[in-house]
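Below is run05.txt, which holds compact mmCIF, C-alpha atoms.
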```txt
# COMPACT_ATOMS: atom_id res chain seq x y z
CA ILE A 296 0.00 0.00 0.00
CA MET A 297 2.97 2.31 0.59
CA GLU A 298 3.61 2.46 -3.17
CA GLU A 299 -0.06 3.35 -3.66
CA LEU A 300 0.17 6.15 -1.07
CA ARG A 301 3.20 7.67 -2.81
CA ASN A 302 1.28 7.83 -6.09
CA THR A 303 -2.11 8.92 -4.75
CA PRO A 304 -2.96 12.42 -6.04
CA PRO A 305 -3.49 14.96 -3.21
CA ARG A 306 -7.24 15.17 -3.89
CA ASN A 307 -7.60 11.39 -3.32
CA LEU A 308 -5.77 11.13 0.01
CA ASP A 309 -9.04 11.13 2.02
CA LYS A 310 -10.24 8.19 -0.06
CA PHE A 311 -6.92 6.40 0.54
CA ILE A 312 -7.38 6.80 4.32
CA GLU A 313 -10.96 5.55 4.11
CA ASP A 314 -10.05 2.50 2.02
CA HIS A 315 -6.85 1.43 3.75
CA LEU A 316 -6.46 2.96 7.21
CA LEU A 317 -9.83 3.17 8.98
CA PRO A 318 -10.56 0.08 11.10
CA ASP A 319 -13.68 -1.77 9.97
CA THR A 320 -16.71 -1.33 12.21
CA LEU A 321 -17.08 -5.03 13.02
CA PHE A 322 -13.51 -5.31 14.22
CA ARG A 323 -13.87 -2.10 16.25
CA THR A 324 -16.94 -3.57 17.98
CA GLN A 325 -15.10 -6.82 18.68
CA VAL A 326 -12.14 -4.93 20.15
CA ARG A 327 -14.49 -2.89 22.32
CA GLU A 328 -16.20 -6.04 23.60
CA ALA A 329 -12.84 -7.67 24.33
CA VAL A 330 -11.68 -4.56 26.20
CA ASP A 331 -14.92 -4.39 28.21
CA THR A 332 -14.58 -8.06 29.19
CA ILE A 333 -11.04 -7.55 30.47
CA CYS A 334 -11.92 -4.25 32.16
CA SER A 335 -14.84 -5.59 34.14
CA PHE A 336 -12.76 -8.63 35.09
CA LEU A 337 -9.93 -6.43 36.37
CA LYS A 338 -12.34 -4.27 38.35
CA GLU A 339 -14.48 -7.00 39.82
CA ARG A 340 -12.29 -9.91 40.63
CA CYS A 341 -8.67 -9.28 39.99
CA PHE A 342 -7.76 -8.06 43.44
CA ILE A 343 -9.52 -9.61 46.32
CA GLY A 344 -8.85 -8.45 49.84
CA SER A 345 -6.94 -5.30 50.61
CA VAL A 346 -6.02 -4.29 47.04
CA ARG A 347 -8.57 -2.13 45.24
CA VAL A 348 -8.80 -1.11 41.60
CA SER A 349 -10.09 2.48 41.55
CA LYS A 350 -10.51 2.53 37.74
CA VAL A 351 -9.34 0.91 34.53
CA VAL A 352 -8.61 3.29 31.65
CA LYS A 353 -8.23 2.34 28.01
CA GLY A 354 -5.24 4.07 26.43
CA GLY A 355 -3.23 3.40 23.29
CA SER A 356 -4.59 4.01 19.81
CA SER A 357 -7.91 2.31 20.65
CA GLY A 358 -8.48 4.72 23.55
CA LYS A 359 -7.55 7.82 21.53
CA GLY A 360 -9.64 6.85 18.52
CA THR A 361 -6.66 6.74 16.14
CA ALA A 362 -6.30 2.97 15.61
CA LEU A 363 -5.16 1.77 12.19
CA LYS A 364 -6.96 -0.95 10.25
CA GLY A 365 -5.83 -4.43 11.25
CA ARG A 366 -3.34 -3.15 13.82
CA SER A 367 -5.11 -3.20 17.11
CA ASP A 368 -3.50 -2.64 20.44
CA ALA A 369 -5.08 -1.61 23.69
CA ASP A 370 -3.27 -0.22 26.71
CA LEU A 371 -5.23 -0.87 29.85
CA VAL A 372 -4.00 1.20 32.76
CA VAL A 373 -5.14 -0.26 36.07
CA PHE A 374 -5.22 2.40 38.77
CA LEU A 375 -4.74 0.97 42.24
CA SER A 376 -5.94 2.75 45.36
CA ASN A 377 -3.15 1.07 47.36
CA LEU A 378 -0.45 3.00 45.53
CA THR A 379 -0.06 6.41 47.17
CA SER A 380 2.92 7.86 45.27
CA PHE A 381 4.79 7.60 41.97
CA GLN A 382 7.72 5.90 43.70
CA GLU A 383 5.40 3.26 45.16
CA GLN A 384 4.25 2.44 41.64
CA LEU A 385 7.86 1.93 40.66
CA LYS A 386 8.57 -0.28 43.65
CA HIS A 387 5.47 -2.48 43.70
CA ARG A 388 4.24 -2.79 40.12
CA GLY A 389 5.98 -6.17 39.65
CA ILE A 390 3.88 -7.71 42.45
CA PHE A 391 0.65 -6.39 40.95
CA ILE A 392 1.54 -7.57 37.45
CA GLU A 393 2.18 -11.05 38.83
CA GLU A 394 -1.19 -10.96 40.62
CA ILE A 395 -3.03 -9.86 37.44
CA ARG A 396 -1.36 -12.65 35.47
CA LYS A 397 -2.42 -15.28 38.02
CA GLN A 398 -6.00 -14.07 38.05
CA LEU A 399 -6.21 -13.92 34.24
CA GLU A 400 -4.96 -17.49 34.03
CA ALA A 401 -7.65 -18.55 36.49
CA CYS A 402 -10.20 -16.66 34.41
CA GLN A 403 -8.98 -18.37 31.26
CA ARG A 404 -9.89 -21.73 32.79
CA GLU A 405 -13.44 -20.61 33.59
CA GLU A 406 -14.46 -18.01 31.04
CA GLU A 407 -15.56 -17.93 27.44
CA PHE A 408 -12.44 -16.34 25.98
CA ASP A 409 -8.97 -17.59 25.27
CA VAL A 410 -6.06 -15.59 26.50
CA GLU A 411 -2.52 -16.30 25.49
CA PHE A 412 0.11 -14.82 27.76
CA GLU A 413 3.52 -13.55 27.13
CA VAL A 414 5.02 -11.41 29.83
CA GLN A 415 7.46 -9.29 27.87
CA SER A 416 9.65 -8.23 30.75
CA LYS A 417 11.83 -10.89 32.28
CA TRP A 418 13.44 -8.85 35.04
CA GLU A 419 12.43 -8.64 38.68
CA ASN A 420 10.18 -5.61 38.39
CA PRO A 421 8.33 -5.74 35.04
CA ARG A 422 6.53 -2.60 33.89
CA VAL A 423 3.85 -4.21 31.79
CA LEU A 424 1.95 -7.47 31.32
CA SER A 425 1.45 -8.16 27.61
CA PHE A 426 -0.98 -10.72 26.35
CA MET A 427 -3.11 -11.51 23.36
CA LEU A 428 -6.83 -12.02 23.42
CA SER A 429 -8.70 -13.99 20.78
CA SER A 430 -12.27 -15.10 21.34
CA HIS A 431 -14.20 -17.99 19.79
CA CYS A 432 -16.18 -15.67 17.51
CA GLN A 433 -13.22 -13.52 16.45
CA ASN A 434 -10.83 -14.28 13.67
CA LYS A 435 -8.48 -11.48 14.69
CA CYS A 436 -6.50 -10.92 17.86
CA VAL A 437 -6.17 -7.94 20.12
CA ASN A 438 -2.87 -7.28 21.83
CA PHE A 439 -3.18 -5.93 25.34
CA ASP A 440 -0.69 -4.21 27.57
CA VAL A 441 -1.85 -4.02 31.18
CA LEU A 442 -0.03 -1.42 33.27
CA PRO A 443 -0.58 -0.89 37.01
CA ALA A 444 -0.46 2.78 38.01
CA PHE A 445 -0.75 5.21 40.90
CA ASP A 446 -4.04 7.13 40.71
CA ALA A 447 -2.53 10.61 40.87
CA LEU A 448 -5.45 12.41 39.19
CA GLY A 449 -8.51 10.95 40.93
CA GLN A 450 -11.82 11.71 39.26
CA VAL A 451 -11.21 13.22 35.81
CA THR A 452 -14.08 15.32 34.46
CA LYS A 453 -14.57 16.89 31.01
CA ASP A 454 -12.67 20.18 31.46
CA TYR A 455 -10.37 18.88 34.16
CA LYS A 456 -7.14 20.71 34.94
CA PRO A 457 -5.01 18.91 37.56
CA ASP A 458 -4.08 20.56 40.83
CA PRO A 459 -0.52 21.91 40.29
CA GLN A 460 0.58 19.99 43.41
CA ILE A 461 0.20 16.74 41.41
CA TYR A 462 2.86 17.99 38.99
CA VAL A 463 5.02 19.29 41.82
CA GLN A 464 4.97 15.78 43.34
CA LEU A 465 5.72 14.27 39.91
CA ILE A 466 8.70 16.59 39.36
CA ARG A 467 10.09 15.71 42.81
CA GLU A 468 9.67 11.94 42.40
CA CYS A 469 10.57 11.50 38.74
CA SER A 470 14.17 10.63 37.94
CA ARG A 471 13.69 9.67 34.28
CA GLY A 472 11.52 11.74 31.94
CA GLY A 473 8.13 10.22 31.16
CA GLU A 474 8.55 7.21 33.46
CA PHE A 475 5.15 7.90 35.06
CA SER A 476 3.29 8.92 31.91
CA THR A 477 0.80 6.04 32.44
CA CYS A 478 -0.59 7.98 35.41
CA PHE A 479 -1.69 10.68 32.94
CA THR A 480 -3.28 8.36 30.36
CA GLU A 481 -6.73 9.96 30.75
CA LEU A 482 -5.35 13.40 29.89
CA GLN A 483 -3.33 12.09 26.93
CA ARG A 484 -6.49 10.41 25.69
CA ALA A 485 -8.71 13.47 26.21
CA PHE A 486 -6.15 15.63 24.41
CA LEU A 487 -6.74 13.63 21.21
CA LYS A 488 -10.19 12.11 21.62
CA GLN A 489 -12.18 15.37 21.38
CA ARG A 490 -10.50 16.41 18.13
CA PRO A 491 -12.30 16.57 14.77
CA THR A 492 -12.69 13.28 12.89
CA LYS A 493 -10.63 14.55 9.97
CA LEU A 494 -7.69 15.42 12.21
CA LYS A 495 -7.76 11.86 13.59
CA SER A 496 -7.68 10.62 9.99
CA LEU A 497 -4.62 12.78 9.33
CA ILE A 498 -3.00 11.33 12.47
CA ARG A 499 -3.70 7.84 11.07
CA LEU A 500 -2.03 8.78 7.79
CA VAL A 501 1.05 10.14 9.57
CA LYS A 502 1.20 7.04 11.81
CA TYR A 503 0.93 4.75 8.81
CA TRP A 504 3.75 6.66 7.07
CA TYR A 505 5.86 6.48 10.24
CA GLN A 506 5.29 2.73 10.75
CA GLU A 507 6.25 2.00 7.15
CA CYS A 508 9.40 4.14 7.55
CA LYS A 509 10.18 2.10 10.65
CA LYS A 510 10.01 -1.11 8.61
CA ASN A 511 12.45 0.30 6.05
CA LEU A 512 14.79 2.22 8.33
CA GLY A 513 14.67 0.07 11.47
CA LYS A 514 15.61 1.60 14.80
CA PRO A 515 16.33 4.12 16.22
CA LEU A 516 13.44 6.41 15.25
CA PRO A 517 11.63 9.06 17.29
CA ALA A 518 8.63 7.91 19.36
CA GLN A 519 5.39 7.54 17.37
CA TYR A 520 3.60 9.71 19.95
CA ALA A 521 5.95 12.58 18.95
CA LEU A 522 4.54 12.38 15.40
CA GLU A 523 0.95 12.36 16.71
CA LEU A 524 1.67 15.51 18.72
CA LEU A 525 3.37 17.16 15.75
CA THR A 526 0.23 16.49 13.70
CA VAL A 527 -2.01 18.12 16.33
CA TYR A 528 0.38 21.07 16.55
CA ALA A 529 0.48 21.50 12.75
CA TRP A 530 -3.32 21.47 12.57
CA GLU A 531 -3.81 23.85 15.54
CA HIS A 532 -1.48 26.47 14.07
CA GLY A 533 -2.07 25.84 10.38
CA SER A 534 -5.78 25.18 10.00
CA ASN A 535 -7.79 24.67 13.21
CA LYS A 536 -10.86 23.87 11.07
CA THR A 537 -12.91 20.66 11.04
CA ASP A 538 -12.49 20.48 7.26
CA PHE A 539 -9.10 21.03 5.68
CA ASN A 540 -6.84 19.86 2.86
CA THR A 541 -5.32 16.53 3.98
CA ALA A 542 -2.35 16.77 1.59
CA GLN A 543 -1.47 20.20 3.04
CA GLY A 544 -1.66 18.80 6.58
CA PHE A 545 0.47 15.77 5.69
CA ARG A 546 3.04 17.97 3.95
CA THR A 547 3.20 20.34 6.96
CA VAL A 548 3.96 17.44 9.34
CA LEU A 549 6.77 16.19 7.06
CA GLU A 550 8.17 19.74 6.84
CA LEU A 551 8.19 19.91 10.67
CA VAL A 552 10.03 16.58 10.82
CA ARG A 553 12.53 17.99 8.32
CA ASP A 554 13.01 21.09 10.54
CA TYR A 555 13.45 18.99 13.70
CA ARG A 556 16.51 21.00 14.81
CA LEU A 557 14.27 24.03 15.38
CA LEU A 558 11.30 22.43 17.14
CA CYS A 559 10.25 23.66 20.57
CA ILE A 560 6.62 22.68 21.18
CA TYR A 561 4.53 22.56 24.35
CA TRP A 562 0.96 23.11 25.53
CA THR A 563 -0.43 24.69 28.69
CA LYS A 564 -3.78 22.87 28.78
CA TYR A 565 -3.01 20.74 31.86
CA TYR A 566 0.03 22.47 33.41
CA ASP A 567 1.40 26.00 33.05
CA PHE A 568 3.91 28.51 34.43
CA GLU A 569 1.81 29.75 37.37
CA ASN A 570 3.36 27.53 40.05
CA PRO A 571 7.03 28.47 40.74
CA VAL A 572 8.24 24.84 40.99
CA ILE A 573 6.57 23.90 37.69
CA GLU A 574 7.71 27.15 36.08
CA GLN A 575 11.34 26.52 36.97
CA TYR A 576 11.11 22.94 35.73
CA LEU A 577 9.46 23.94 32.43
CA ILE A 578 12.07 26.61 31.73
CA LYS A 579 14.77 23.93 32.16
CA GLN A 580 12.90 21.54 29.87
CA LEU A 581 12.47 24.17 27.16
CA GLN A 582 16.19 25.02 27.23
CA LYS A 583 17.17 21.47 26.27
CA PRO A 584 18.69 20.74 22.86
CA ARG A 585 16.14 20.72 20.04
CA PRO A 586 13.84 19.07 19.22
CA VAL A 587 11.74 19.62 22.34
CA ILE A 588 8.17 18.28 22.20
CA LEU A 589 6.64 18.12 25.67
CA ASP A 590 3.89 15.64 26.40
CA PRO A 591 0.83 17.89 26.98
CA ALA A 592 -0.20 15.72 29.96
CA ASP A 593 3.22 15.08 31.51
CA PRO A 594 5.87 17.84 31.59
CA THR A 595 8.66 15.33 32.36
CA GLY A 596 8.09 13.59 29.01
CA ASN A 597 10.09 15.19 26.21
CA LEU A 598 9.17 13.27 23.06
CA GLY A 599 11.89 15.04 21.10
CA ASP A 600 14.48 13.35 23.27
CA GLY A 601 16.07 10.02 22.43
CA HIS A 602 18.79 8.75 20.15
CA PRO A 603 20.42 11.77 18.42
CA ASP A 604 20.41 9.90 15.12
CA SER A 605 16.70 9.06 15.16
CA TRP A 606 15.34 12.43 13.97
CA ARG A 607 18.03 12.83 11.34
CA ARG A 608 17.05 9.50 9.75
CA LEU A 609 13.33 10.26 9.76
CA ALA A 610 13.98 13.76 8.39
CA GLY A 611 15.92 12.21 5.49
CA GLU A 612 12.91 10.04 4.67
CA ALA A 613 10.54 13.05 4.93
CA LEU A 614 12.69 14.99 2.48
CA VAL A 615 12.50 12.19 -0.09
CA TRP A 616 8.72 11.99 0.30
CA LEU A 617 8.17 15.70 -0.32
CA SER A 618 8.86 15.17 -4.03
CA TYR A 619 6.37 12.28 -4.47
CA PRO A 620 3.14 12.50 -6.54
CA CYS A 621 0.99 12.54 -3.37
CA PHE A 622 2.05 16.20 -2.97
CA LYS A 623 1.69 17.21 -6.64
CA ASN A 624 -1.41 18.95 -7.96
CA GLN A 625 -2.85 18.23 -11.43
CA ASP A 626 -0.86 21.13 -12.89
CA LYS A 627 2.33 19.54 -11.44
CA SER A 628 2.69 22.32 -8.83
CA LEU A 629 3.48 21.23 -5.27
CA VAL A 630 0.86 21.35 -2.54
CA GLY A 631 1.94 24.15 -0.20
CA PRO A 632 2.32 23.46 3.54
CA TRP A 633 0.42 25.42 6.17
CA ASN A 634 2.28 28.37 7.62
CA VAL A 635 3.24 27.02 11.04
CA PRO A 636 5.84 28.45 13.47
CA VAL A 637 8.47 26.00 14.70
```
Written form, structure tokens:
Amino acid sequence: IMEELRNTPPRNLDKFIEDHLLPDTLFRTQVREAVDTICSFLKERCFIGSVRVSKVVKGGSSGKGTALKGRSDADLVVFLSNLTSFQEQLKHRGIFIEEIRKQLEACQREEEFDVEFEVQSKWENPRVLSFMLSSHCQNKCVNFDVLPAFDALGQVTKDYKPDPQIYVQLIRECSRGGEFSTCFTELQRAFLKQRPTKLKSLIRLVKYWYQECKKNLGKPLPAQYALELLTVYAWEHGSNKTDFNTAQGFRTVLELVRDYRLLCIYWTKYYDFENPVIEQYLIKQLQKPRPVILDPADPTGNLGDGHPDSWRRLAGEALVWLSYPCFKNQDKSLVGPWNVPV
């Protein structure tokens, strides 16, 4: 399909997304049912006794509404009322993962669905329990990652802005950027979920392009989430309309990737410069070598960070793509990018 994308005229890109990238409705329903089954299981019977699950939140592409056709993954973040700090999550998550695994195996013996397990992490304190779920009526599988987390946010409502003290605590307890991003899954999800349908389609297109680049280039590449955020940023500053030219949007994102050495991007939807501790921390973050792309939900997560070579390699690929037919109008002129500050 990658060859087809290269040669799709700009005016047909929406059709390309519809035909190749949108998950089919039946599969979406099956994924939702599978997720609901696991969620209610985790809430109702996974922890008996003193351990309580305060909520289970669906993250990943399924949660954000940006899943690609035939590539389904669901992150299920299990918030435990027993964890009272970020550090506790770090210390005890291995025990909880082991407990979840035991209970799921018991459930497998009794319930109507088949679960195949493969705990990815082999060390003492694994971060995630990965398994695959396939049910009797499904011909496709859903990959799950279950992650135990400290419930730092509590009840998250529609226009929720966290108490700055939550971020102050995060900054004090976090030694590695983004290591507690699971605690902010609901905000990451809300940041994307409420967006226009067409923007989510553009995100799918960018993700598809990125995943195909990954196949060709191998590692290291920037995090996929960085590309999702770049797409939102491009749209916010370049169009901000529910209807827009997809080819222009796609081109703008590739131009931003090409200009990675200039990028300094952040949002103040969930945290800002009002609190002195957060302000000081943000100033430090924004002074780091470019690219800087801060996770809108977690100021410790700089998605621009990583292997120094990763952006250079992706930028090289973006440059090649900018001359392909998918950016050429009928009169052979190039589709212009949106005017977006870096």
Could you pull the residues within 7 Å of Ile461 in chain A, counting all atoms listed in the file, minus those fewer than 4 positions along the same chain, as a compact mmCIF listing (two decimals) with C-alpha atoms, in the frame of the given file?
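Listed below is the output, result.txt:
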```
# COMPACT_ATOMS: atom_id res chain seq x y z
CA ALA A 447 -2.53 10.61 40.87
CA PRO A 457 -5.01 18.91 37.56
CA LEU A 465 5.72 14.27 39.91
```
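Between CA of Leu494 in chain A and CA of Gly544 in chain A lies a distance of 8.9 Å.
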Excluding Phe311 in chain A and residues on its chain fewer than 3 positions from it, collect all residues at most 12 Å away from it, counting all atoms listed in the file, and give them as a compact mmCIF listing (two decimals) with C-alpha atoms, in the frame of the given file.
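Wrote part-v5.txt, looks like this:
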```txt
# COMPACT_ATOMS: atom_id res chain seq x y z
CA ILE A 296 0.00 0.00 0.00
CA MET A 297 2.97 2.31 0.59
CA GLU A 298 3.61 2.46 -3.17
CA GLU A 299 -0.06 3.35 -3.66
CA LEU A 300 0.17 6.15 -1.07
CA ARG A 301 3.20 7.67 -2.81
CA ASN A 302 1.28 7.83 -6.09
CA THR A 303 -2.11 8.92 -4.75
CA PRO A 304 -2.96 12.42 -6.04
CA PRO A 305 -3.49 14.96 -3.21
CA ARG A 306 -7.24 15.17 -3.89
CA ASN A 307 -7.60 11.39 -3.32
CA LEU A 308 -5.77 11.13 0.01
CA ASP A 314 -10.05 2.50 2.02
CA HIS A 315 -6.85 1.43 3.75
CA LEU A 316 -6.46 2.96 7.21
CA LEU A 317 -9.83 3.17 8.98
CA SER A 496 -7.68 10.62 9.99
CA LEU A 497 -4.62 12.78 9.33
CA ARG A 499 -3.70 7.84 11.07
CA LEU A 500 -2.03 8.78 7.79
CA TYR A 503 0.93 4.75 8.81
CA THR A 541 -5.32 16.53 3.98
CA ALA A 542 -2.35 16.77 1.59
CA CYS A 621 0.99 12.54 -3.37
```
Asp458 in chain A environment, 9 Å, all atoms listed in the file, sequence neighbours closer than 2 positions dropped, as a PDB file with C-alpha atoms, in the coordinates of the input:
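See result01.pdb below for the written result:
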```pdb
ATOM      1  CA  LEU A 448      -5.450  12.410  39.190  1.00  0.00           C
ATOM      2  CA  LYS A 456      -7.140  20.710  34.940  1.00  0.00           C
ATOM      3  CA  GLN A 460       0.580  19.990  43.410  1.00  0.00           C
ATOM      4  CA  ILE A 461       0.200  16.740  41.410  1.00  0.00           C
ATOM      5  CA  TYR A 462       2.860  17.990  38.990  1.00  0.00           C
ATOM      6  CA  TYR A 566       0.030  22.470  33.410  1.00  0.00           C
TER       7      TYR A 566
END
```
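The neighbours of Ser470 in chain A here are the residues that come within 12 Å of it, using all atoms listed in the file and leaving out any residue fewer than 2 positions away in the same chain; they are Phe381, Gln382, Leu385, Gln464, Leu465, Ile466, Arg467, Glu468, Gly472, Gly473, Glu474, Phe475, Thr595 and Gly596 of chain A.
The two atoms in question, CA of Leu558 in chain A and CA of Glu481 in chain A, are spaced 25.8 Å apart.
For the atom pair formed by CA of His387 in chain A and CA of Leu442 in chain A, the distance is 11.8 Å, given to one decimal.
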Exercise for review: Using all atoms listed in the file, pick whichever of A:Phe445, A:Phe391, A:Tyr528, A:Tyr455 has the shortest atom-to-atom distance to Leu487 in chain A.
Suggested key: A:Tyr528
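Restricting the calculation to all atoms listed in the file, the smallest distance between Lys536 in chain A and any of A:Ser605, A:Thr492, A:Gln506, A:Asn377 is found for A:Thr492.
Between Val548 in chain A and the residues A:Cys508, A:Leu399, A:Leu614, A:Ile578, the shortest atom-to-atom distance, using all atoms listed in the file, involves A:Leu614.
By chain and then residue number, the residues within 8 Å of range 581-589 of chain A are A:Ala521, A:Leu524, A:Tyr555, A:Arg556, A:Leu557, A:Leu558, A:Cys559, A:Ile560, A:Tyr561, A:Trp562, A:Leu577, A:Asp593, A:Pro594, A:Thr595, A:Gly596, A:Asn597, A:Leu598, A:Gly599, A:Asp600, counting all atoms listed in the file and disregarding those fewer than 4 positions away in sequence.
Minimum atom-to-atom distance to Leu424 in chain A, evaluated using only C-alpha atoms, belongs to A:Arg388 out of A:Lys453, A:Lys364, A:His602, A:Arg388.
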